[in-house]
2 protein chains.
Amino acid sequence: MTRASSRRPGPPTRTERGIPEATVARLPVYLRALTALSDSGIATASSEDLATAAGVNSAKLRKDLSYLGSYGTRGVGYDVEYLRYQIAREIGVTQDWAVVIVGIGNLGHALANYSGFGTRGFRIVALLDADPNLIGERVGDMEIRDFAELEDIVEADRVSIGVITTPAGPAQEVCDRLVAAGVTSILNFAPVVLSVPDGVDIRKVDLSIELQILAYHEQRKSGEAALPQVPELPAMNGLTDLPSVGGGVGA
Amino acid sequence: MTRASSRRPGPPTRTERGIPEATVARLPVYLRALTALSDSGIATASSEDLATAAGVNSAKLRKDLSYLGSYGTRGVGYDVEYLRYQIAREIGVTQDWAVVIVGIGNLGHALANYSGFGTRGFRIVALLDADPNLIGERVGDMEIRDFAELEDIVEADRVSIGVITTPAGPAQEVCDRLVAAGVTSILNFAPVVLSVPDGVDIRKVDLSIELQILAYHEQRKSGEAALPQVPELPAMNGLTDLPSVGGGVGA
DNA sequence: CCGATTTTGTTCTCACGTTCACAAGCTCCT
DNA sequence: AGGAGCTTGTGAACGTGAGAACAAAATCGG
């Protein structure tokens, strides 16, 4: 999403070995669907079958797969194992990636404890926190280490992916340290917009934003006409933690 | 995203009081940026300031805001408090929404303790799980209740939003129960594609997908030429059952 | 061996999203 | 009062994504 890609304006030169971002985002879904089919003992599946399992329509699925190559057989469908391997390879999960998690609060614990997480594809090599009270504590089969060790760990384990589960406050600083240490992909759970230099990918997961999007649609479902039209800043229903500094109009 | 919207093919009738989905997804980001500015005591901000704070470009921000109405002043900028209220109202977080969380494993715990919920218009009214060993356990100031009570709770508290943090297995069944009970918006953390009837909104948060997307870009950064071209189904590196954050003790 | 049937891969069209560029409108200074 | 200087709001151009429709290729039955 925030990929710093080398776009050039020239001709419509799509596919300089580049897959559309929207397709990339769906490949993991297809991968999971294929794994499920494989586990059910199904050896071959049509685009229709796959599309149903992945929750998309079959035309889109076929077009997505066509960016990878021609891995299907007309009149037959796709070989589940073969296609699964091709997608896994394209995504890059045939090798495994070293990951560090920074900020071992509730969410950090949850991610660290998730057993399937460390097994395949991604390998958690360290849990880091700056709180001296946490350092040394065991989480699953790992021990929380001092954030100061970050640089050594990143170098020693060739870590390229960092997960930030700190509060908003220290997130940017943690991010800067990760980048300086050589991490080039970041998954951010902290509720702030992080800035990173070109060449570093960042993705964000934000629970409260997801809920707000749902709330928007929910609101329109219930009272389409019940919306107050342009109210003049009423009491705000007390829902924000605002001490409201200087909120006057004329600045 | 999966909004079952009433699209009609006729003329380009955008804006039958409808805001583009991409814009809706950014409004919460603007809301947060405005809150931060407000907390810093800033009363007025230009689209450039806001855009920087929100991590987008200013043209996009202005266009997004224009869907809500004309809330800025040319030559001056936007009044932070006023705009904040308008966005909050448009999203629907000026009222508060009752939420149930189903599946109190590691992730469910983390969400239950997440403070960002209550301050932004969402009120957790129940934590549910089907595991008898968990029922009655306290999490923060709440107690885990039996999933069987779902229907009563939804009706009593007018719950419209449900969060699913169960493992993949029971997720669809939980989803069906939620829908049958009257929940019309669902946030799903389980690593499966859920199907819901029209009129129900569903959004998905999936850690393993996010990581895989990062891995894809990471792979292309490192070995652009090191990619094996079309290998013939080698050992698969044993990567089945990719992890996702849905983990936890079952519902 | 040939035609019927199935299903992929791809082309074409339309809708959506992003960005540019600029006129309209506001404030402030002289 | 009037012009200079900003900043918004929006029209238009461009790029990306989605879906329909169909030709190409494979299997199967006779």
# chains A, B, ... in the order shown; residues from 1 in each chain; ligands from 1
$ residues_around --residues "DC14 (chain D)" --least-positions-apart "5" --cutoff "10 Å" --atoms "only C-alpha atoms (C1' of nucleotides)" --output "list in words"
DT18, DT19 and DC20 of chain C
$ residues_around --residues "DC28 (chain D)" --least-positions-apart "4" --cutoff "10 Å" --atoms "only C-alpha atoms (C1' of nucleotides)" --output "PyMOL selection string"
chain C and resi 4-6
$ calpha_fit_and_write --fixed "chain A" --moving "chain B" --output "tab-separated table (two decimals) with C-alpha atoms, in the first residue's frame"
chain	number	residue	atom	x	y	z
B	1	MET	CA	-0.52	0.72	-0.29
B	2	THR	CA	2.17	3.14	0.56
B	3	ARG	CA	4.60	1.35	-1.71
B	4	ALA	CA	7.24	3.63	-3.07
B	5	SER	CA	7.14	2.07	-6.48
B	6	SER	CA	9.18	3.12	-9.46
B	7	ARG	CA	6.35	4.16	-11.74
B	8	ARG	CA	7.26	5.51	-15.07
B	9	PRO	CA	4.78	7.33	-17.26
B	10	GLY	CA	5.75	5.87	-20.61
B	11	PRO	CA	3.58	3.26	-22.32
B	12	PRO	CA	1.08	1.16	-20.35
B	13	THR	CA	3.94	-1.07	-19.30
B	14	ARG	CA	2.12	-3.05	-16.63
B	15	THR	CA	3.75	-6.27	-15.63
B	16	GLU	CA	7.38	-5.44	-15.63
B	17	ARG	CA	7.17	-8.46	-13.34
B	18	GLY	CA	4.77	-6.42	-11.21
B	19	ILE	CA	1.48	-7.63	-9.77
B	20	PRO	CA	-1.29	-5.09	-9.16
B	21	GLU	CA	-1.53	-4.02	-5.55
B	22	ALA	CA	-5.17	-5.07	-5.28
B	23	THR	CA	-4.20	-8.54	-6.38
B	24	VAL	CA	-1.32	-8.77	-3.93
B	25	ALA	CA	-3.74	-7.98	-1.13
B	26	ARG	CA	-5.92	-10.91	-2.10
B	27	LEU	CA	-3.22	-13.53	-2.57
B	28	PRO	CA	-3.00	-14.26	1.17
B	29	VAL	CA	-6.74	-14.88	1.18
B	30	TYR	CA	-6.40	-17.39	-1.62
B	31	LEU	CA	-3.52	-19.00	0.19
B	32	ARG	CA	-5.65	-19.51	3.24
B	33	ALA	CA	-8.55	-20.88	1.21
B	34	LEU	CA	-6.22	-23.34	-0.48
B	35	THR	CA	-4.85	-24.48	2.85
B	36	ALA	CA	-8.38	-25.09	4.08
B	37	LEU	CA	-9.24	-27.10	0.98
B	38	SER	CA	-6.04	-29.06	1.30
B	39	ASP	CA	-6.83	-29.87	4.91
B	40	SER	CA	-10.18	-31.19	3.79
B	41	GLY	CA	-8.40	-33.61	1.51
B	42	ILE	CA	-9.45	-31.87	-1.70
B	43	ALA	CA	-6.82	-32.22	-4.40
B	44	THR	CA	-8.35	-30.20	-7.21
B	45	ALA	CA	-10.58	-27.13	-7.25
B	46	SER	CA	-12.17	-25.00	-9.94
B	47	SER	CA	-11.97	-21.23	-9.94
B	48	GLU	CA	-15.60	-21.26	-8.85
B	49	ASP	CA	-14.83	-23.41	-5.81
B	50	LEU	CA	-11.85	-21.33	-4.88
B	51	ALA	CA	-13.69	-18.09	-5.36
B	52	THR	CA	-16.45	-19.22	-3.06
B	53	ALA	CA	-13.97	-20.27	-0.42
B	54	ALA	CA	-12.16	-16.95	-0.69
B	55	GLY	CA	-15.27	-14.78	-0.83
B	56	VAL	CA	-14.66	-13.19	-4.22
B	57	ASN	CA	-16.10	-13.79	-7.66
B	58	SER	CA	-14.52	-16.28	-9.97
B	59	ALA	CA	-13.59	-13.90	-12.77
B	60	LYS	CA	-11.58	-11.78	-10.40
B	61	LEU	CA	-9.88	-14.82	-8.96
B	62	ARG	CA	-8.91	-16.13	-12.39
B	63	LYS	CA	-7.53	-12.78	-13.41
B	64	ASP	CA	-5.57	-12.49	-10.20
B	65	LEU	CA	-4.05	-15.92	-10.67
B	66	SER	CA	-3.23	-15.15	-14.27
B	67	TYR	CA	-0.74	-12.54	-13.08
B	68	LEU	CA	1.29	-15.33	-11.50
B	69	GLY	CA	1.31	-17.55	-14.55
B	70	SER	CA	-0.83	-20.32	-16.00
B	71	TYR	CA	-1.10	-22.72	-13.14
B	72	GLY	CA	-4.51	-24.20	-13.92
B	73	THR	CA	-5.72	-26.81	-16.37
B	74	ARG	CA	-8.62	-25.95	-18.65
B	75	GLY	CA	-11.56	-28.22	-18.23
B	76	VAL	CA	-10.21	-29.40	-14.89
B	77	GLY	CA	-9.30	-26.65	-12.47
B	78	TYR	CA	-6.31	-26.03	-10.21
B	79	ASP	CA	-4.22	-28.56	-8.35
B	80	VAL	CA	-4.57	-27.38	-4.79
B	81	GLU	CA	-1.09	-28.24	-3.54
B	82	TYR	CA	0.68	-26.95	-6.59
B	83	LEU	CA	-1.19	-23.65	-6.66
B	84	ARG	CA	-0.71	-23.23	-2.96
B	85	TYR	CA	3.01	-23.54	-3.33
B	86	GLN	CA	3.12	-21.12	-6.24
B	87	ILE	CA	1.23	-18.46	-4.33
B	88	ALA	CA	3.30	-19.00	-1.19
B	89	ARG	CA	6.44	-18.57	-3.25
B	90	GLU	CA	5.16	-15.45	-4.96
B	91	ILE	CA	4.23	-13.85	-1.66
B	92	GLY	CA	7.50	-14.87	-0.13
B	93	VAL	CA	6.31	-17.03	2.74
B	94	THR	CA	8.32	-20.03	1.66
B	95	GLN	CA	11.19	-18.45	3.49
B	96	ASP	CA	10.67	-17.16	6.96
B	97	TRP	CA	10.85	-13.59	8.07
B	98	ALA	CA	12.21	-12.33	11.35
B	99	VAL	CA	9.86	-9.93	13.13
B	100	VAL	CA	10.24	-7.69	16.16
B	101	ILE	CA	7.30	-6.36	18.15
B	102	VAL	CA	7.77	-3.02	19.88
B	103	GLY	CA	5.43	-2.01	22.70
B	104	ILE	CA	4.24	-4.93	24.79
B	105	GLY	CA	0.97	-3.62	26.17
B	106	ASN	CA	-2.28	-5.49	25.85
B	107	LEU	CA	-2.13	-5.68	22.11
B	108	GLY	CA	1.54	-6.57	22.01
B	109	HIS	CA	0.81	-9.43	24.38
B	110	ALA	CA	-2.01	-10.63	22.19
B	111	LEU	CA	0.16	-10.60	19.10
B	112	ALA	CA	3.04	-12.30	20.87
B	113	ASN	CA	0.73	-15.15	21.81
B	114	TYR	CA	-0.89	-15.36	18.39
B	115	SER	CA	0.00	-18.72	16.96
B	116	GLY	CA	-0.92	-17.87	13.38
B	117	PHE	CA	2.42	-16.10	13.14
B	118	GLY	CA	4.83	-18.95	13.34
B	119	THR	CA	2.93	-21.29	11.11
B	120	ARG	CA	2.90	-18.90	8.21
B	121	GLY	CA	6.47	-17.96	7.65
B	122	PHE	CA	6.93	-15.30	10.31
B	123	ARG	CA	9.19	-15.75	13.30
B	124	ILE	CA	9.04	-13.38	16.22
B	125	VAL	CA	12.61	-12.87	17.34
B	126	ALA	CA	12.10	-10.25	20.03
B	127	LEU	CA	9.55	-8.42	22.14
B	128	LEU	CA	10.77	-4.95	23.00
B	129	ASP	CA	9.59	-2.26	25.38
B	130	ALA	CA	11.17	0.78	26.98
B	131	ASP	CA	9.39	0.39	30.31
B	132	PRO	CA	11.92	-0.95	32.86
B	133	ASN	CA	9.10	-2.61	34.80
B	134	LEU	CA	8.27	-4.81	31.84
B	135	ILE	CA	11.76	-5.84	30.84
B	136	GLY	CA	12.47	-9.42	31.78
B	137	GLU	CA	8.83	-10.41	32.03
B	138	ARG	CA	8.02	-13.63	30.20
B	139	VAL	CA	5.35	-13.76	27.53
B	140	GLY	CA	4.75	-17.24	26.25
B	141	ASP	CA	8.22	-18.64	25.68
B	142	MET	CA	9.81	-15.26	25.14
B	143	GLU	CA	11.16	-12.57	27.39
B	144	ILE	CA	10.57	-8.85	27.02
B	145	ARG	CA	13.83	-7.08	26.24
B	146	ASP	CA	14.98	-3.50	26.39
B	147	PHE	CA	14.14	-1.37	23.39
B	148	ALA	CA	17.75	-0.14	23.54
B	149	GLU	CA	18.86	-3.52	22.24
B	150	LEU	CA	16.95	-2.95	19.01
B	151	GLU	CA	19.91	-2.27	16.78
B	152	ASP	CA	21.83	-5.34	17.93
B	153	ILE	CA	18.84	-7.59	17.47
B	154	VAL	CA	17.99	-6.29	14.03
B	155	GLU	CA	21.52	-6.85	12.88
B	156	ALA	CA	22.02	-10.22	14.54
B	157	ASP	CA	18.75	-11.73	13.34
B	158	ARG	CA	18.48	-9.94	10.02
B	159	VAL	CA	15.12	-8.51	11.00
B	160	SER	CA	13.31	-6.83	8.13
B	161	ILE	CA	9.82	-6.46	9.59
B	162	GLY	CA	8.84	-4.45	12.63
B	163	VAL	CA	5.45	-4.28	14.35
B	164	ILE	CA	4.61	-1.14	16.33
B	165	THR	CA	2.09	-1.61	19.14
B	166	THR	CA	3.01	1.39	21.24
B	167	PRO	CA	0.65	4.25	22.04
B	168	ALA	CA	0.48	7.08	19.54
B	169	GLY	CA	2.99	9.26	21.35
B	170	PRO	CA	6.25	7.37	20.91
B	171	ALA	CA	5.27	5.67	17.65
B	172	GLN	CA	7.09	8.00	15.27
B	173	GLU	CA	10.27	7.83	17.28
B	174	VAL	CA	10.08	4.06	17.46
B	175	CYS	CA	9.48	4.02	13.74
B	176	ASP	CA	12.54	6.18	13.09
B	177	ARG	CA	14.69	3.91	15.22
B	178	LEU	CA	13.42	0.84	13.41
B	179	VAL	CA	14.20	2.37	10.05
B	180	ALA	CA	17.62	3.55	11.16
B	181	ALA	CA	18.38	0.06	12.41
B	182	GLY	CA	17.64	-1.36	8.99
B	183	VAL	CA	14.02	-2.50	9.16
B	184	THR	CA	12.35	-1.93	5.78
B	185	SER	CA	8.76	-3.02	6.44
B	186	ILE	CA	6.56	-1.78	9.24
B	187	LEU	CA	3.14	-2.78	10.47
B	188	ASN	CA	1.71	0.02	12.56
B	189	PHE	CA	-1.07	-0.37	15.13
B	190	ALA	CA	-0.59	3.02	16.73
B	191	PRO	CA	-3.26	5.58	15.84
B	192	VAL	CA	-0.99	8.03	14.06
B	193	VAL	CA	0.20	8.63	10.54
B	194	LEU	CA	3.85	7.64	10.45
B	195	SER	CA	6.23	9.04	7.90
B	196	VAL	CA	8.99	6.91	6.50
B	197	PRO	CA	11.64	7.43	3.83
B	198	ASP	CA	11.28	6.00	0.34
B	199	GLY	CA	12.04	2.34	0.15
B	200	VAL	CA	10.34	1.54	3.42
B	201	ASP	CA	6.88	-0.02	3.27
B	202	ILE	CA	4.37	0.76	5.91
B	203	ARG	CA	0.92	-0.64	6.55
B	204	LYS	CA	-1.54	0.41	9.16
B	205	VAL	CA	-4.15	-1.46	11.14
B	206	ASP	CA	-6.55	0.75	13.00
B	207	LEU	CA	-9.50	-0.58	14.92
B	208	SER	CA	-11.13	2.74	15.54
B	209	ILE	CA	-11.10	3.58	11.85
B	210	GLU	CA	-12.73	0.28	11.01
B	211	LEU	CA	-15.42	0.89	13.58
B	212	GLN	CA	-16.04	4.37	12.28
B	213	ILE	CA	-16.48	3.08	8.76
B	214	LEU	CA	-19.04	0.62	10.06
B	215	ALA	CA	-20.75	3.41	11.97
B	216	TYR	CA	-21.06	5.46	8.81
B	217	HIS	CA	-22.89	2.69	7.00
B	218	GLU	CA	-24.91	1.88	10.09
B	219	GLN	CA	-26.08	5.44	10.32
B	220	ARG	CA	-27.28	5.43	6.78
B	221	LYS	CA	-29.13	2.16	7.26
B	222	SER	CA	-31.13	3.37	10.21
B	223	GLY	CA	-32.11	6.96	9.75
B	224	GLU	CA	-31.71	7.88	6.13
B	225	ALA	CA	-34.05	10.82	6.68
B	226	ALA	CA	-33.22	11.33	10.33
B	227	LEU	CA	-29.94	13.07	9.47
B	228	PRO	CA	-29.81	16.65	10.65
B	229	GLN	CA	-28.96	18.56	7.55
B	230	VAL	CA	-26.48	21.29	8.33
B	231	PRO	CA	-26.49	22.02	12.04
B	232	GLU	CA	-24.40	24.90	13.28
B	233	LEU	CA	-21.82	23.38	15.56
B	234	PRO	CA	-23.79	22.13	18.55
B	235	ALA	CA	-22.26	20.71	21.69
B	236	MET	CA	-20.03	18.14	19.93
B	237	ASN	CA	-21.14	15.43	22.34
B	238	GLY	CA	-17.63	15.69	23.73
B	239	LEU	CA	-16.13	13.32	21.25
B	240	THR	CA	-12.48	14.06	21.25
B	241	ASP	CA	-9.70	11.58	21.39
B	242	LEU	CA	-11.31	8.71	19.56
B	243	PRO	CA	-10.05	5.36	20.65
B	244	SER	CA	-7.78	3.13	18.73
B	245	VAL	CA	-6.27	-0.18	19.51
B	246	GLY	CA	-2.74	1.07	19.83
B	247	GLY	CA	-3.07	1.00	23.58
B	248	GLY	CA	-0.68	-0.42	26.02
B	249	VAL	CA	2.02	0.61	28.34
B	250	GLY	CA	4.48	2.81	26.59
B	251	ALA	CA	7.67	2.04	24.87
$ interface_residues --of "chain D" --to "chain A" --cutoff "7 Å" --atoms "only C-alpha atoms (C1' of nucleotides)" --output "ChimeraX atom specification"
/D:19,25-27
$ select_by_dssp --residues "region 14-245 of chain A" --states "strand (DSSP E or B)" --output "mmCIF file with N, CA and C atoms, in the first residue's frame"
data_model
loop_
_atom_site.group_PDB
_atom_site.id
_atom_site.type_symbol
_atom_site.label_atom_id
_atom_site.label_comp_id
_atom_site.auth_asym_id
_atom_site.auth_seq_id
_atom_site.Cartn_x
_atom_site.Cartn_y
_atom_site.Cartn_z
ATOM 1 N N THR A 44 -8.098 -31.322 -7.341
ATOM 2 C CA THR A 44 -8.309 -30.408 -8.454
ATOM 3 C C THR A 44 -9.507 -29.521 -8.151
ATOM 4 N N ALA A 45 -9.401 -28.246 -8.544
ATOM 5 C CA ALA A 45 -10.528 -27.349 -8.311
ATOM 6 C C ALA A 45 -10.678 -26.381 -9.475
ATOM 7 N N GLY A 72 -3.263 -23.243 -14.781
ATOM 8 C CA GLY A 72 -4.445 -24.088 -14.830
ATOM 9 C C GLY A 72 -4.476 -24.933 -16.091
ATOM 10 N N THR A 73 -5.481 -25.770 -16.203
ATOM 11 C CA THR A 73 -5.667 -26.578 -17.407
ATOM 12 C C THR A 73 -7.090 -26.384 -17.907
ATOM 13 N N GLY A 77 -9.327 -27.404 -14.726
ATOM 14 C CA GLY A 77 -9.246 -26.606 -13.503
ATOM 15 C C GLY A 77 -7.804 -26.476 -13.055
ATOM 16 N N TYR A 78 -7.615 -26.298 -11.761
ATOM 17 C CA TYR A 78 -6.265 -26.125 -11.225
ATOM 18 C C TYR A 78 -5.897 -27.302 -10.337
ATOM 19 N N ASP A 79 -4.659 -27.735 -10.449
ATOM 20 C CA ASP A 79 -4.153 -28.724 -9.519
ATOM 21 C C ASP A 79 -3.876 -28.008 -8.213
ATOM 22 N N TRP A 97 10.757 -16.045 7.336
ATOM 23 C CA TRP A 97 11.145 -14.679 7.620
ATOM 24 C C TRP A 97 11.273 -14.464 9.120
ATOM 25 N N ALA A 98 12.383 -13.863 9.508
ATOM 26 C CA ALA A 98 12.597 -13.561 10.919
ATOM 27 C C ALA A 98 11.839 -12.292 11.291
ATOM 28 N N VAL A 99 11.132 -12.374 12.418
ATOM 29 C CA VAL A 99 10.276 -11.274 12.854
ATOM 30 C C VAL A 99 10.611 -10.892 14.293
ATOM 31 N N VAL A 100 10.640 -9.587 14.578
ATOM 32 C CA VAL A 100 10.710 -9.164 15.980
ATOM 33 C C VAL A 100 9.417 -8.456 16.340
ATOM 34 N N ILE A 101 8.980 -8.631 17.580
ATOM 35 C CA ILE A 101 7.800 -7.933 18.081
ATOM 36 C C ILE A 101 8.262 -6.958 19.153
ATOM 37 N N VAL A 102 7.880 -5.694 18.994
ATOM 38 C CA VAL A 102 8.296 -4.678 19.954
ATOM 39 C C VAL A 102 7.078 -4.152 20.699
ATOM 40 N N PHE A 122 6.765 -17.596 9.130
ATOM 41 C CA PHE A 122 7.318 -16.479 9.881
ATOM 42 C C PHE A 122 7.833 -16.989 11.221
ATOM 43 N N ARG A 123 9.023 -16.561 11.579
ATOM 44 C CA ARG A 123 9.649 -17.049 12.796
ATOM 45 C C ARG A 123 9.925 -15.867 13.718
ATOM 46 N N ILE A 124 9.299 -15.883 14.884
ATOM 47 C CA ILE A 124 9.552 -14.814 15.844
ATOM 48 C C ILE A 124 10.899 -15.067 16.499
ATOM 49 N N VAL A 125 11.821 -14.124 16.330
ATOM 50 C CA VAL A 125 13.146 -14.341 16.911
ATOM 51 C C VAL A 125 13.347 -13.561 18.198
ATOM 52 N N ALA A 126 12.500 -12.570 18.464
ATOM 53 C CA ALA A 126 12.658 -11.848 19.728
ATOM 54 C C ALA A 126 11.412 -11.067 20.101
ATOM 55 N N LEU A 127 11.172 -11.001 21.406
ATOM 56 C CA LEU A 127 10.130 -10.137 21.966
ATOM 57 C C LEU A 127 10.855 -9.034 22.724
ATOM 58 N N LEU A 128 10.610 -7.792 22.355
ATOM 59 C CA LEU A 128 11.356 -6.690 22.955
ATOM 60 C C LEU A 128 10.435 -5.711 23.661
ATOM 61 N N ASP A 129 10.948 -5.159 24.765
ATOM 62 C CA ASP A 129 10.222 -4.110 25.449
ATOM 63 C C ASP A 129 11.237 -3.253 26.193
ATOM 64 N N ARG A 138 8.922 -14.586 30.978
ATOM 65 C CA ARG A 138 8.755 -15.576 29.923
ATOM 66 C C ARG A 138 7.355 -15.480 29.310
ATOM 67 N N VAL A 139 7.314 -15.598 27.995
ATOM 68 C CA VAL A 139 6.040 -15.623 27.284
ATOM 69 C C VAL A 139 6.118 -16.822 26.364
ATOM 70 N N MET A 142 9.517 -18.098 24.958
ATOM 71 C CA MET A 142 10.481 -17.029 24.725
ATOM 72 C C MET A 142 10.569 -16.123 25.940
ATOM 73 N N GLU A 143 11.633 -15.334 25.940
ATOM 74 C CA GLU A 143 11.858 -14.441 27.055
ATOM 75 C C GLU A 143 11.859 -13.009 26.524
ATOM 76 N N ILE A 144 11.246 -12.114 27.260
ATOM 77 C CA ILE A 144 11.236 -10.720 26.827
ATOM 78 C C ILE A 144 12.624 -10.118 27.033
ATOM 79 N N ARG A 145 13.131 -9.500 25.983
ATOM 80 C CA ARG A 145 14.482 -8.932 26.061
ATOM 81 C C ARG A 145 14.434 -7.407 25.973
ATOM 82 N N ASP A 146 15.546 -6.806 26.319
ATOM 83 C CA ASP A 146 15.639 -5.342 26.357
ATOM 84 C C ASP A 146 15.633 -4.775 24.943
ATOM 85 N N ILE A 161 11.510 -8.072 9.145
ATOM 86 C CA ILE A 161 10.152 -7.647 9.459
ATOM 87 C C ILE A 161 10.017 -7.328 10.943
ATOM 88 N N GLY A 162 9.467 -6.158 11.238
ATOM 89 C CA GLY A 162 9.230 -5.769 12.623
ATOM 90 C C GLY A 162 7.754 -5.519 12.875
ATOM 91 N N VAL A 163 7.270 -5.937 14.033
ATOM 92 C CA VAL A 163 5.877 -5.709 14.398
ATOM 93 C C VAL A 163 5.855 -4.763 15.596
ATOM 94 N N ILE A 164 5.138 -3.664 15.470
ATOM 95 C CA ILE A 164 5.072 -2.679 16.546
ATOM 96 C C ILE A 164 3.747 -2.799 17.279
ATOM 97 N N SER A 185 10.512 -3.902 6.552
ATOM 98 C CA SER A 185 9.052 -4.060 6.497
ATOM 99 C C SER A 185 8.501 -3.961 7.906
ATOM 100 N N ILE A 186 7.466 -3.181 8.062
ATOM 101 C CA ILE A 186 6.923 -2.956 9.399
ATOM 102 C C ILE A 186 5.415 -3.144 9.406
ATOM 103 N N LEU A 187 4.951 -3.864 10.405
ATOM 104 C CA LEU A 187 3.515 -4.012 10.617
ATOM 105 C C LEU A 187 3.174 -3.261 11.893
ATOM 106 N N ASN A 188 2.371 -2.219 11.760
ATOM 107 C CA ASN A 188 2.118 -1.321 12.879
ATOM 108 C C ASN A 188 0.723 -1.473 13.466
ATOM 109 N N ASP A 201 8.600 -0.678 3.637
ATOM 110 C CA ASP A 201 7.158 -0.892 3.525
ATOM 111 C C ASP A 201 6.531 -0.864 4.895
ATOM 112 N N ILE A 202 5.369 -0.253 4.955
ATOM 113 C CA ILE A 202 4.687 -0.243 6.236
ATOM 114 C C ILE A 202 3.220 -0.536 6.017
ATOM 115 N N ARG A 203 2.672 -1.379 6.863
ATOM 116 C CA ARG A 203 1.247 -1.660 6.840
ATOM 117 C C ARG A 203 0.699 -1.454 8.236
ATOM 118 N N LYS A 204 -0.581 -1.103 8.277
ATOM 119 C CA LYS A 204 -1.162 -0.732 9.542
ATOM 120 C C LYS A 204 -2.393 -1.574 9.819
#
$ interface_residues --of "chain C" --to "chain B" --cutoff "12 Å" --atoms "only C-alpha atoms (C1' of nucleotides)" --output "list in words"
DC14, DA15, DC16, DG17, DT18, DT19, DC20, DA21, DA24, DG25, DC26, DT27 and DC28 of chain C
$ select_by_dssp --residues "region 62-244 of chain B" --states "helix (DSSP H, G or I)" --output "PyMOL selection string"
chain B and resi 62-66+80-91+106-113+116-119+147-157+168-181+207-222+236-238
$ write_last_selection --atoms "C-alpha atoms" --output "short mmCIF file (atom, residue, chain, number, x, y, z; two decimals), in the first residue's frame"
data_model
loop_
_atom_site.label_atom_id
_atom_site.label_comp_id
_atom_site.auth_asym_id
_atom_site.auth_seq_id
_atom_site.Cartn_x
_atom_site.Cartn_y
_atom_site.Cartn_z
CA ARG B 62 -9.74 18.17 0.52
CA LYS B 63 -11.72 16.02 -1.85
CA ASP B 64 -12.61 13.62 0.93
CA LEU B 65 -13.82 16.44 3.14
CA SER B 66 -15.79 17.95 0.31
CA VAL B 80 -10.26 21.87 14.28
CA GLU B 81 -13.06 21.41 16.79
CA TYR B 82 -15.81 22.07 14.32
CA LEU B 83 -14.43 19.73 11.68
CA ARG B 84 -13.79 17.09 14.26
CA TYR B 85 -17.39 17.15 15.34
CA GLN B 86 -18.66 17.02 11.77
CA ILE B 87 -16.58 13.98 10.96
CA ALA B 88 -17.51 12.26 14.21
CA ARG B 89 -21.16 12.84 13.41
CA GLU B 90 -20.82 11.58 9.86
CA ILE B 91 -19.10 8.40 11.00
CA ASN B 106 -5.41 -14.28 23.93
CA LEU B 107 -6.67 -11.85 21.37
CA GLY B 108 -10.08 -11.49 22.97
CA HIS B 109 -8.34 -10.63 26.22
CA ALA B 110 -6.22 -8.04 24.49
CA LEU B 111 -9.23 -6.41 22.89
CA ALA B 112 -11.22 -6.46 26.10
CA ASN B 113 -8.43 -4.56 27.82
CA GLY B 116 -9.16 2.91 22.83
CA PHE B 117 -12.59 1.31 22.61
CA GLY B 118 -14.49 3.16 25.24
CA THR B 119 -13.12 6.57 24.46
CA PHE B 147 -22.14 -17.77 24.68
CA ALA B 148 -25.64 -19.21 25.15
CA GLU B 149 -26.71 -15.89 26.62
CA LEU B 150 -25.96 -14.15 23.33
CA GLU B 151 -29.53 -13.64 22.20
CA ASP B 152 -30.65 -12.15 25.50
CA ILE B 153 -27.71 -9.79 25.62
CA VAL B 154 -28.11 -8.60 22.06
CA GLU B 155 -31.74 -7.84 22.66
CA ALA B 156 -31.33 -6.26 26.08
CA ASP B 157 -28.44 -4.00 25.12
CA ALA B 168 -11.34 -20.57 12.50
CA GLY B 169 -13.39 -23.65 13.26
CA PRO B 170 -16.41 -22.25 15.10
CA ALA B 171 -16.29 -18.82 13.46
CA GLN B 172 -19.00 -19.38 10.87
CA GLU B 173 -21.37 -20.83 13.41
CA VAL B 174 -20.72 -17.95 15.79
CA CYS B 175 -21.29 -15.58 12.92
CA ASP B 176 -24.62 -17.21 12.07
CA ARG B 177 -25.75 -16.97 15.67
CA LEU B 178 -24.77 -13.32 15.84
CA VAL B 179 -26.71 -12.54 12.69
CA ALA B 180 -29.73 -14.52 13.83
CA ALA B 181 -29.68 -12.63 17.12
CA LEU B 207 -2.49 -10.65 10.73
CA SER B 208 -1.12 -13.46 8.65
CA ILE B 209 -2.38 -11.86 5.46
CA GLU B 210 -0.73 -8.59 6.37
CA LEU B 211 2.53 -10.35 7.03
CA GLN B 212 2.34 -12.22 3.77
CA ILE B 213 1.81 -9.00 1.86
CA LEU B 214 4.90 -7.59 3.52
CA ALA B 215 6.80 -10.76 2.68
CA TYR B 216 5.90 -10.41 -0.98
CA HIS B 217 7.37 -6.92 -1.17
CA GLU B 218 10.32 -7.96 0.96
CA GLN B 219 11.10 -10.77 -1.41
CA ARG B 220 11.15 -8.46 -4.36
CA LYS B 221 13.40 -6.00 -2.58
CA SER B 222 16.07 -8.54 -1.78
CA MET B 236 6.95 -27.26 -0.31
CA ASN B 237 9.03 -26.49 2.76
CA GLY B 238 6.11 -27.92 4.70
#
